[in-house]
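Shown next: target35.cif, containing mmCIF, C-alpha atoms.
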data_upload
loop_
_atom_site.label_atom_id
_atom_site.label_comp_id
_atom_site.auth_asym_id
_atom_site.auth_seq_id
_atom_site.Cartn_x
_atom_site.Cartn_y
_atom_site.Cartn_z
CA MET Z 892 98.21 143.10 70.42
CA SER Z 893 95.57 140.67 71.68
CA LYS Z 894 93.29 141.56 74.59
CA GLU Z 895 94.85 140.95 77.99
CA LEU Z 896 93.31 137.97 79.74
CA ARG Z 897 91.56 138.63 83.04
CA PHE Z 898 91.95 136.14 85.89
CA LEU Z 899 89.87 135.59 89.03
CA ILE Z 900 91.76 134.01 91.93
CA VAL Z 901 89.53 132.34 94.53
CA ASP Z 902 90.99 131.25 97.86
CA ASP Z 903 90.04 131.85 101.49
CA PHE Z 904 93.69 132.43 102.43
CA SER Z 905 94.90 135.89 101.41
CA THR Z 906 98.49 134.63 101.45
CA MET Z 907 97.71 132.11 98.74
CA ARG Z 908 95.77 134.65 96.68
CA ARG Z 909 98.78 136.95 96.73
CA ILE Z 910 101.14 134.13 95.80
CA VAL Z 911 99.01 133.05 92.84
CA ARG Z 912 98.50 136.66 91.75
CA ASN Z 913 102.25 137.37 91.83
CA LEU Z 914 103.05 134.15 89.98
CA LEU Z 915 100.51 134.96 87.27
CA LYS Z 916 101.99 138.42 86.96
CA GLU Z 917 105.48 136.95 86.58
CA SER Z 918 104.08 134.70 83.86
CA GLY Z 919 102.72 137.68 81.97
CA TYR Z 920 99.14 137.70 83.26
CA ALA Z 921 98.93 140.93 85.23
CA ASP Z 922 95.17 141.50 85.08
CA ALA Z 923 93.70 139.64 88.06
CA ASP Z 924 91.08 140.08 90.73
CA GLU Z 925 90.51 138.09 93.93
CA ALA Z 926 87.62 136.52 95.85
CA GLU Z 927 87.72 134.88 99.29
CA ASP Z 928 85.13 132.18 98.66
CA GLY Z 929 82.74 130.76 96.08
CA VAL Z 930 79.93 133.19 96.90
CA ALA Z 931 82.12 136.26 96.39
CA ALA Z 932 83.61 134.70 93.26
CA LEU Z 933 80.23 134.02 91.71
CA GLN Z 934 79.14 137.56 92.40
CA LYS Z 935 82.26 138.96 90.70
CA LEU Z 936 81.90 136.58 87.76
CA ARG Z 937 78.30 137.69 87.20
CA ASN Z 938 79.05 141.39 87.58
CA SER Z 939 82.23 141.58 85.57
CA SER Z 940 84.09 139.84 82.77
CA PHE Z 941 86.75 137.20 83.37
CA ASP Z 942 88.63 134.81 81.08
CA PHE Z 943 90.07 132.37 83.62
CA VAL Z 944 89.32 131.20 87.16
CA VAL Z 945 91.93 129.77 89.53
CA SER Z 946 90.10 128.30 92.50
CA ASP Z 947 90.82 126.60 95.80
CA ILE Z 948 88.39 123.85 96.91
CA ASN Z 949 88.21 123.94 100.70
CA MET Z 950 86.58 127.30 101.42
CA PRO Z 951 83.78 128.51 103.69
CA ASN Z 952 80.28 129.49 102.45
CA MET Z 953 80.68 127.95 99.00
CA ASN Z 954 83.52 125.54 98.29
CA GLY Z 955 85.38 125.08 95.01
CA PHE Z 956 83.25 122.16 93.83
CA GLN Z 957 80.08 124.14 94.38
CA LEU Z 958 81.56 127.14 92.60
CA LEU Z 959 82.62 124.94 89.69
CA ALA Z 960 79.11 123.48 89.46
CA GLU Z 961 77.55 126.97 89.49
CA ILE Z 962 79.90 128.18 86.76
CA LYS Z 963 79.28 125.17 84.54
CA LYS Z 964 75.48 125.40 84.78
CA ASP Z 965 75.46 129.11 83.96
CA ASP Z 966 75.24 129.68 80.19
CA LYS Z 967 77.07 132.99 80.48
CA LEU Z 968 79.94 131.58 82.53
CA LYS Z 969 80.38 127.97 81.49
CA HIS Z 970 82.94 128.79 78.79
CA ILE Z 971 85.39 130.12 81.43
CA PRO Z 972 88.14 127.61 82.21
CA VAL Z 973 88.49 126.74 85.89
CA LEU Z 974 91.83 125.55 87.25
CA MET Z 975 91.59 123.98 90.71
CA VAL Z 976 94.58 124.75 92.98
CA THR Z 977 94.05 122.89 96.22
CA ALA Z 978 95.46 120.86 99.07
CA GLU Z 979 92.73 118.25 98.51
CA ALA Z 980 94.75 115.31 97.23
CA ARG Z 981 92.19 112.48 97.36
CA LYS Z 982 91.88 110.70 94.02
CA GLU Z 983 88.10 110.87 94.25
CA ASP Z 984 88.28 114.68 94.50
CA ILE Z 985 90.50 114.92 91.42
CA VAL Z 986 88.17 112.66 89.44
CA LEU Z 987 85.12 114.60 90.65
CA ALA Z 988 86.68 117.92 89.59
CA ALA Z 989 87.44 116.55 86.13
CA GLN Z 990 83.92 115.14 85.78
CA GLN Z 991 82.40 118.46 86.84
CA GLY Z 992 84.29 120.27 84.10
CA ALA Z 993 87.47 121.60 85.70
CA SER Z 994 90.12 122.39 83.11
CA GLY Z 995 93.01 121.43 85.36
CA TYR Z 996 93.97 120.37 88.88
CA ILE Z 997 97.05 121.38 90.86
CA VAL Z 998 97.85 120.07 94.34
CA LYS Z 999 99.41 122.36 96.91
CA PRO Z 1000 102.23 122.91 97.55
CA PHE Z 1001 103.07 123.65 93.93
CA THR Z 1002 105.81 125.40 91.99
CA LYS Z 1003 105.79 128.45 89.76
CA ALA Z 1004 106.59 126.20 86.79
CA THR Z 1005 103.58 123.97 87.48
CA LEU Z 1006 101.14 126.87 87.62
CA GLU Z 1007 102.59 128.49 84.51
CA ASP Z 1008 102.57 125.20 82.63
CA LYS Z 1009 98.94 124.39 83.49
CA VAL Z 1010 97.64 127.88 82.71
CA ASN Z 1011 99.46 127.99 79.38
CA HIS Z 1012 98.33 124.47 78.51
CA ILE Z 1013 94.67 125.31 79.17
CA LEU Z 1014 94.84 128.60 77.26
CA THR Z 1015 96.55 126.93 74.30
CA LYS Z 1016 93.98 124.13 74.29
CA LEU Z 1017 91.15 126.69 74.21
CA GLY Z 1018 92.84 128.80 71.55
CA LEU Z 1019 93.18 131.73 73.92
CA LYS Z 1020 96.95 131.92 73.61
CA MET A 271 121.18 100.66 144.62
CA SER A 272 122.35 98.98 147.83
CA ALA A 273 122.52 95.18 147.99
CA ASP A 274 120.07 94.88 150.83
CA ALA A 275 117.40 97.03 149.16
CA THR A 276 114.12 95.14 148.97
CA PRO A 277 110.97 96.03 147.03
CA THR A 278 108.58 98.03 149.19
CA THR A 279 105.34 96.32 150.04
CA PRO A 280 102.29 98.43 149.27
CA THR A 281 100.98 100.18 152.33
CA LEU A 282 97.33 99.99 153.15
CA SER A 283 96.72 103.51 151.79
CA THR A 284 98.33 102.59 148.42
CA VAL A 285 96.04 99.62 148.10
CA GLU A 286 93.07 101.77 148.96
CA VAL A 287 94.03 104.38 146.37
CA HIS A 288 94.45 101.61 143.81
CA GLN A 289 91.01 100.22 144.61
CA GLN A 290 89.44 103.65 144.44
CA LEU A 291 91.04 104.32 141.07
CA GLY A 292 89.71 100.99 139.83
CA ALA A 293 86.23 101.84 141.09
CA LEU A 294 86.36 105.27 139.45
CA THR A 295 87.48 103.78 136.15
CA ARG A 296 84.68 101.23 136.30
CA GLN A 297 82.19 103.98 137.17
CA LEU A 298 83.41 106.15 134.24
CA HIS A 299 83.26 103.16 131.89
CA ASP A 300 79.72 102.30 132.99
CA SER A 301 78.64 105.95 132.77
CA LEU A 302 80.02 106.33 129.25
CA ASN A 303 78.34 103.11 128.19
CA GLY A 304 75.09 104.12 129.84
CA LEU A 305 75.12 107.48 128.09
CA GLY A 306 76.00 105.97 124.73
CA LEU A 307 79.31 107.83 124.71
CA ALA A 308 81.58 104.81 124.61
CA GLU A 309 81.65 104.85 120.81
CA LYS A 310 82.42 108.58 120.84
CA VAL A 311 85.38 107.99 123.12
CA LYS A 312 86.61 105.28 120.76
CA ASP A 313 86.35 107.82 117.92
CA TRP A 314 88.34 110.39 119.86
CA ALA A 315 90.99 107.81 120.63
CA GLY A 316 91.18 107.09 116.91
CA GLU A 317 91.45 110.75 116.00
CA LEU A 318 94.07 111.71 118.58
CA PRO A 319 96.99 110.00 116.79
CA ASP A 320 95.78 111.75 113.62
CA ALA A 321 95.87 115.07 115.49
CA LYS A 322 99.38 114.21 116.64
CA SER A 323 100.50 113.53 113.08
CA ARG A 324 98.82 116.77 111.93
CA LEU A 325 100.71 118.76 114.55
CA SER A 326 103.96 117.07 113.45
CA TYR A 327 103.11 118.05 109.89
CA ILE A 328 102.69 121.69 110.96
CA ALA A 329 106.03 121.64 112.77
CA ARG A 330 107.71 120.07 109.74
CA LEU A 331 106.17 122.45 107.22
CA THR A 332 106.89 125.62 109.20
CA GLY A 333 110.45 124.41 109.81
CA GLN A 334 110.98 123.73 106.11
CA ALA A 335 109.54 127.13 105.18
CA ALA A 336 111.81 128.95 107.64
CA GLU A 337 114.84 127.03 106.36
CA LYS A 338 113.94 127.75 102.76
CA VAL A 339 113.48 131.48 103.40
CA LEU A 340 116.78 131.77 105.27
CA ASN A 341 118.65 129.95 102.50
CA GLN A 342 117.12 132.17 99.84
CA VAL A 343 117.93 135.30 101.87
CA ASP A 344 121.56 134.12 102.19
CA GLN A 345 121.78 133.69 98.41
CA ALA A 346 120.10 137.04 97.71
CA LYS A 347 122.43 138.82 100.13
CA GLU A 348 125.44 137.30 98.34
CA GLN A 349 124.19 138.76 95.06
CA HIS A 350 123.44 142.07 96.72
CA ASP A 351 126.96 142.24 98.21
CA PHE A 352 128.40 141.42 94.78
CA ILE A 353 126.42 144.22 93.10
CA ALA A 354 127.42 146.69 95.83
CA ALA A 355 131.11 145.79 95.54
CA GLU A 356 131.07 145.91 91.73
CA THR A 357 129.29 149.27 91.77
CA ARG A 358 132.02 150.74 93.98
CA ARG A 359 134.73 149.23 91.79
CA ILE A 360 133.27 150.43 88.49
CA GLY A 361 132.65 153.86 90.03
CA GLN A 362 136.34 154.17 90.87
CA LEU A 363 137.31 153.08 87.35
CA ILE A 364 134.98 155.67 85.78
CA VAL A 365 136.30 158.44 88.05
CA LYS A 366 139.87 157.43 87.23
CA ASP A 367 139.45 157.18 83.45
CA PRO A 368 135.91 157.24 82.03
CA VAL A 369 136.96 156.58 78.42
CA ALA A 370 139.10 153.58 79.35
CA ALA A 371 136.33 152.21 81.60
CA VAL A 372 134.02 152.10 78.60
CA ALA A 373 136.61 151.19 75.97
CA LYS A 374 138.01 148.26 77.97
CA GLY A 375 134.52 146.87 78.48
CA HIS A 376 134.40 147.38 82.25
CA VAL A 377 131.12 149.26 82.08
CA MET A 378 129.49 146.75 79.73
CA ASN A 379 130.69 143.82 81.86
CA PHE A 380 129.28 145.55 84.93
CA ILE A 381 125.90 146.01 83.25
CA ASN A 382 125.83 142.32 82.31
CA ASP A 383 126.82 141.29 85.83
CA VAL A 384 124.10 143.44 87.38
CA ASP A 385 121.56 142.02 84.96
CA GLN A 386 122.51 138.43 85.89
CA ALA A 387 122.58 139.18 89.61
CA SER A 388 119.18 140.87 89.43
CA LYS A 389 117.68 137.79 87.80
CA LYS A 390 119.10 135.60 90.56
CA VAL A 391 117.72 137.92 93.26
CA ASP A 392 114.35 137.91 91.53
CA ALA A 393 114.36 134.09 91.60
CA ASN A 394 115.27 134.20 95.31
CA LEU A 395 112.36 136.55 96.00
CA THR A 396 109.95 134.27 94.11
CA GLU A 397 111.12 131.30 96.21
CA ILE A 398 110.67 133.33 99.42
CA MET A 399 107.14 134.18 98.31
CA MET A 400 106.37 130.52 97.47
CA ALA A 401 107.63 129.46 100.91
CA GLN A 402 104.73 131.40 102.43
CA ASP A 403 102.30 128.76 101.16
CA PHE A 404 102.82 127.03 104.50
CA HIS A 405 100.34 129.55 105.92
CA ASP A 406 97.51 128.14 103.83
CA LEU A 407 98.44 124.47 104.33
CA THR A 408 99.10 124.65 108.06
CA GLY A 409 96.05 126.89 108.55
CA GLN A 410 93.79 124.16 107.19
CA VAL A 411 95.42 121.52 109.37
CA ILE A 412 95.25 123.71 112.48
CA ALA A 413 91.53 124.25 111.83
CA LYS A 414 90.98 120.48 111.85
CA VAL A 415 92.87 120.00 115.13
CA VAL A 416 90.96 122.89 116.71
CA ASN A 417 87.71 121.29 115.54
CA LEU A 418 88.71 117.99 117.12
CA ALA A 419 89.54 119.71 120.42
CA ALA A 420 86.23 121.59 120.28
CA THR A 421 84.33 118.35 119.65
CA ILE A 422 85.97 116.62 122.60
CA GLU A 423 85.30 119.65 124.79
CA GLU A 424 81.64 119.75 123.75
CA GLN A 425 81.18 116.05 124.46
CA LEU A 426 82.85 116.35 127.86
CA VAL A 427 80.58 119.28 128.70
CA LEU A 428 77.63 117.14 127.59
CA LEU A 429 78.84 114.33 129.85
CA LEU A 430 79.11 116.78 132.75
CA ILE A 431 75.61 118.10 132.16
CA GLN A 432 74.13 114.62 131.92
CA THR A 433 75.79 113.43 135.11
CA ALA A 434 75.31 116.64 137.11
CA PRO A 435 72.63 117.04 139.79
CA PRO A 436 69.26 118.09 138.22
CA GLU A 437 69.42 121.72 139.40
CA ALA A 438 72.92 122.19 137.91
CA ALA A 439 71.99 120.50 134.64
CA LEU A 440 69.10 122.90 134.11
CA LYS A 441 71.51 125.86 134.14
CA ALA A 442 73.56 124.42 131.31
CA ALA A 443 71.01 123.61 128.66
CA ALA A 444 73.01 124.53 125.56
CA THR A 445 73.07 121.86 122.89
CA PRO A 446 76.47 121.56 121.17
CA ALA A 447 76.47 121.44 117.39
CA GLU A 448 77.87 118.28 115.92
CA TYR A 449 81.11 118.66 113.99
CA VAL A 450 80.86 117.25 110.50
CA PRO A 451 84.19 117.03 108.70
CA ALA A 452 83.87 118.19 105.10
CA LEU A 453 86.97 117.86 102.97
CA ALA A 454 90.16 116.02 103.82
CA GLY A 455 92.55 118.99 103.59
CA PRO A 456 96.31 118.71 103.14
CA VAL A 457 97.84 115.24 103.10
CA VAL A 458 99.85 114.95 106.31
CA ASP A 459 100.94 111.34 105.72
CA GLY A 460 100.52 110.37 102.09
CA GLN A 461 102.81 107.34 102.20
CA SER A 462 100.35 105.22 104.19
CA ASN A 463 97.26 106.23 102.21
CA GLN A 464 96.66 104.81 98.75
CA GLU A 465 93.57 106.98 98.20
CA VAL A 466 95.52 110.23 97.88
CA VAL A 467 98.12 111.56 95.49
CA THR A 468 101.43 112.78 96.86
CA ASP A 469 102.66 114.96 94.01
CA GLN A 470 101.56 116.78 90.86
CA SER A 471 102.77 114.04 88.49
CA GLN A 472 100.31 111.60 90.09
CA VAL A 473 97.50 114.11 89.53
CA ASP A 474 98.49 114.45 85.88
CA ASP A 475 98.71 110.66 85.45
CA LEU A 476 95.29 110.16 87.04
CA LEU A 477 93.66 112.80 84.84
CA ALA A 478 95.39 111.42 81.74
CA SER A 479 94.09 107.94 82.55
CA LEU A 480 90.58 109.41 82.57
CA GLY A 481 91.11 111.03 79.20
CA PHE A 482 91.43 114.60 80.50
#

Conversion result in structure tokens:
Amino acid sequence: MSKELRFLIVDDFSTMRRIVRNLLKESGYADADEAEDGVAALQKLRNSSFDFVVSDINMPNMNGFQLLAEIKKDDKLKHIPVLMVTAEARKEDIVLAAQQGASGYIVKPFTKATLEDKVNHILTKLGLK
Amino acid sequence: MSADATPTTPTLSTVEVHQQLGALTRQLHDSLNGLGLAEKVKDWAGELPDAKSRLSYIARLTGQAAEKVLNQVDQAKEQHDFIAAETRRIGQLIVKDPVAAVAKGHVMNFINDVDQASKKVDANLTEIMMAQDFHDLTGQVIAKVVNLAATIEEQLVLLLIQTAPPEAALKAAATPAEYVPALAGPVVDGQSNQEVVTDQSQVDDLLASLGF
């Protein structure tokens, strides 16, 4: 059996973190941790091992774009795929996320099928599934 | 209305009140211009309809979430009632004749029914959980409206301080921080804005067009 993938869910709303965590669990990804903003996420990423980040954009202290930039400029973290799950629906934000190295972009509100599809697609693309 | 009713002519006091209101409006207009706040007021006026549409969005989203949850609960309760009734029925059959209950397939059918009903209830629970996403979306919108109200309040306080007698102005020396909007947040009216996407398929199309 392959190693279970570990997810980090980053969102300032605990409700949304719980929703994403439960959906991932239903999709077979039970190993997940949570962070309430980019600062907390970066700290967890540097102190522990994760295979996948699901991040909101609009958060206090350090937003999702800043977190993405920090991850992608860190040699030890840049291989981790980052899926943005956000209410930010401006085209310029979507393009910016893609240019900064996000592996996927989901606009809220979303469905269970959408999240499952994007996660599986990214993992398959990276040979992690 | 009676036939002989005639429009009332303004009394002297009405005219005076009207003139005073006009003078006050002029005075406020001149003060705002003099203090450089006229542009701010124009901005507020522009943002207020946006705040109105954001509040409508909150009402709509919370209403939809409540409706969705109640519908899902109705469906889950139907399944629960079915399982409860079938359990009682199969129990009676087993008590009556356990061998026949198994041999005739009643027990196996019951197991299959419970399995199907459980899956439906699980789907209902997932939908109820998903409906809670309104908390995140409305929370972001509420924060923006609160920020707008705070900005207006701060500017009005500033106006009061600047127009107050010198001794009163000295007591209120706090400088309000300027509100700088960061990200746009949830789309409350996507139909009239070409710069935003309104569903996931548009996101996928946009990313695909960029080669991602």

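The part of chain A that reaches within 8 Å of chain Z is made up of Met399, Met400, Gln402, Asp403, His405, Asp406, Leu407, Leu453, Ala454, Gly455, Pro456, Val457, Glu465, Val466, Val467, Thr468, Asp469, Gln470, Val473, Leu476, Leu477, Leu480 and Phe482 of chain A, counting only C-alpha atoms.
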
For this structure, which residues satisfy the selection - the PyMOL selection byres ((chain Z and resi 930) around 12) - when it is evaluated on the file as given? I want them as a ChimeraX atom specification. /Z:901-903,926-929,931-937,950-959,961-962

Determine the residue set returned by the PyMOL selection byres ((chain A and resi 398) around 8) for the present structure, and present it as a PyMOL selection string. chain A and resi 338-339+342-343+394-397+399-402

For a test of reading the model, state the distance in Å between CA of Leu1006 in chain Z and CA of Val976 in chain Z, rounded to one decimal.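 Computing it gives 8.7 Å between the two atoms.
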
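Straight-line separation from CA of Leu974 in chain Z to CA of Ile1013 in chain Z: 8.6 Å.
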
As a list in words, please: the residues near His350 in chain A (cut-off 10 Å, only C-alpha atoms, same-chain neighbours under 5 positions excluded).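 The contact residues come out as Asp344, Gln345, Ala355, Glu356, Val384, Ala387, Ser388, Lys390 and Val391 of chain A.
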
Write the residues of the selection above to a file with C-alpha atoms, as a short mmCIF file (atom, residue, chain, number, x, y, z; two decimals), in the coordinates of the input.
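So out.cif came out as:
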data_model
loop_
_atom_site.label_atom_id
_atom_site.label_comp_id
_atom_site.auth_asym_id
_atom_site.auth_seq_id
_atom_site.Cartn_x
_atom_site.Cartn_y
_atom_site.Cartn_z
CA ASP A 344 121.56 134.12 102.19
CA GLN A 345 121.78 133.69 98.41
CA ALA A 355 131.11 145.79 95.54
CA GLU A 356 131.07 145.91 91.73
CA VAL A 384 124.10 143.44 87.38
CA ALA A 387 122.58 139.18 89.61
CA SER A 388 119.18 140.87 89.43
CA LYS A 390 119.10 135.60 90.56
CA VAL A 391 117.72 137.92 93.26
#

Would you mind reading off the distance between CA of Gly292 in chain A and CA of Glu309 in chain A, one decimal, in Å?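 Calculated distance between CA of Gly292 in chain A and CA of Glu309 in chain A is 21.0 Å.
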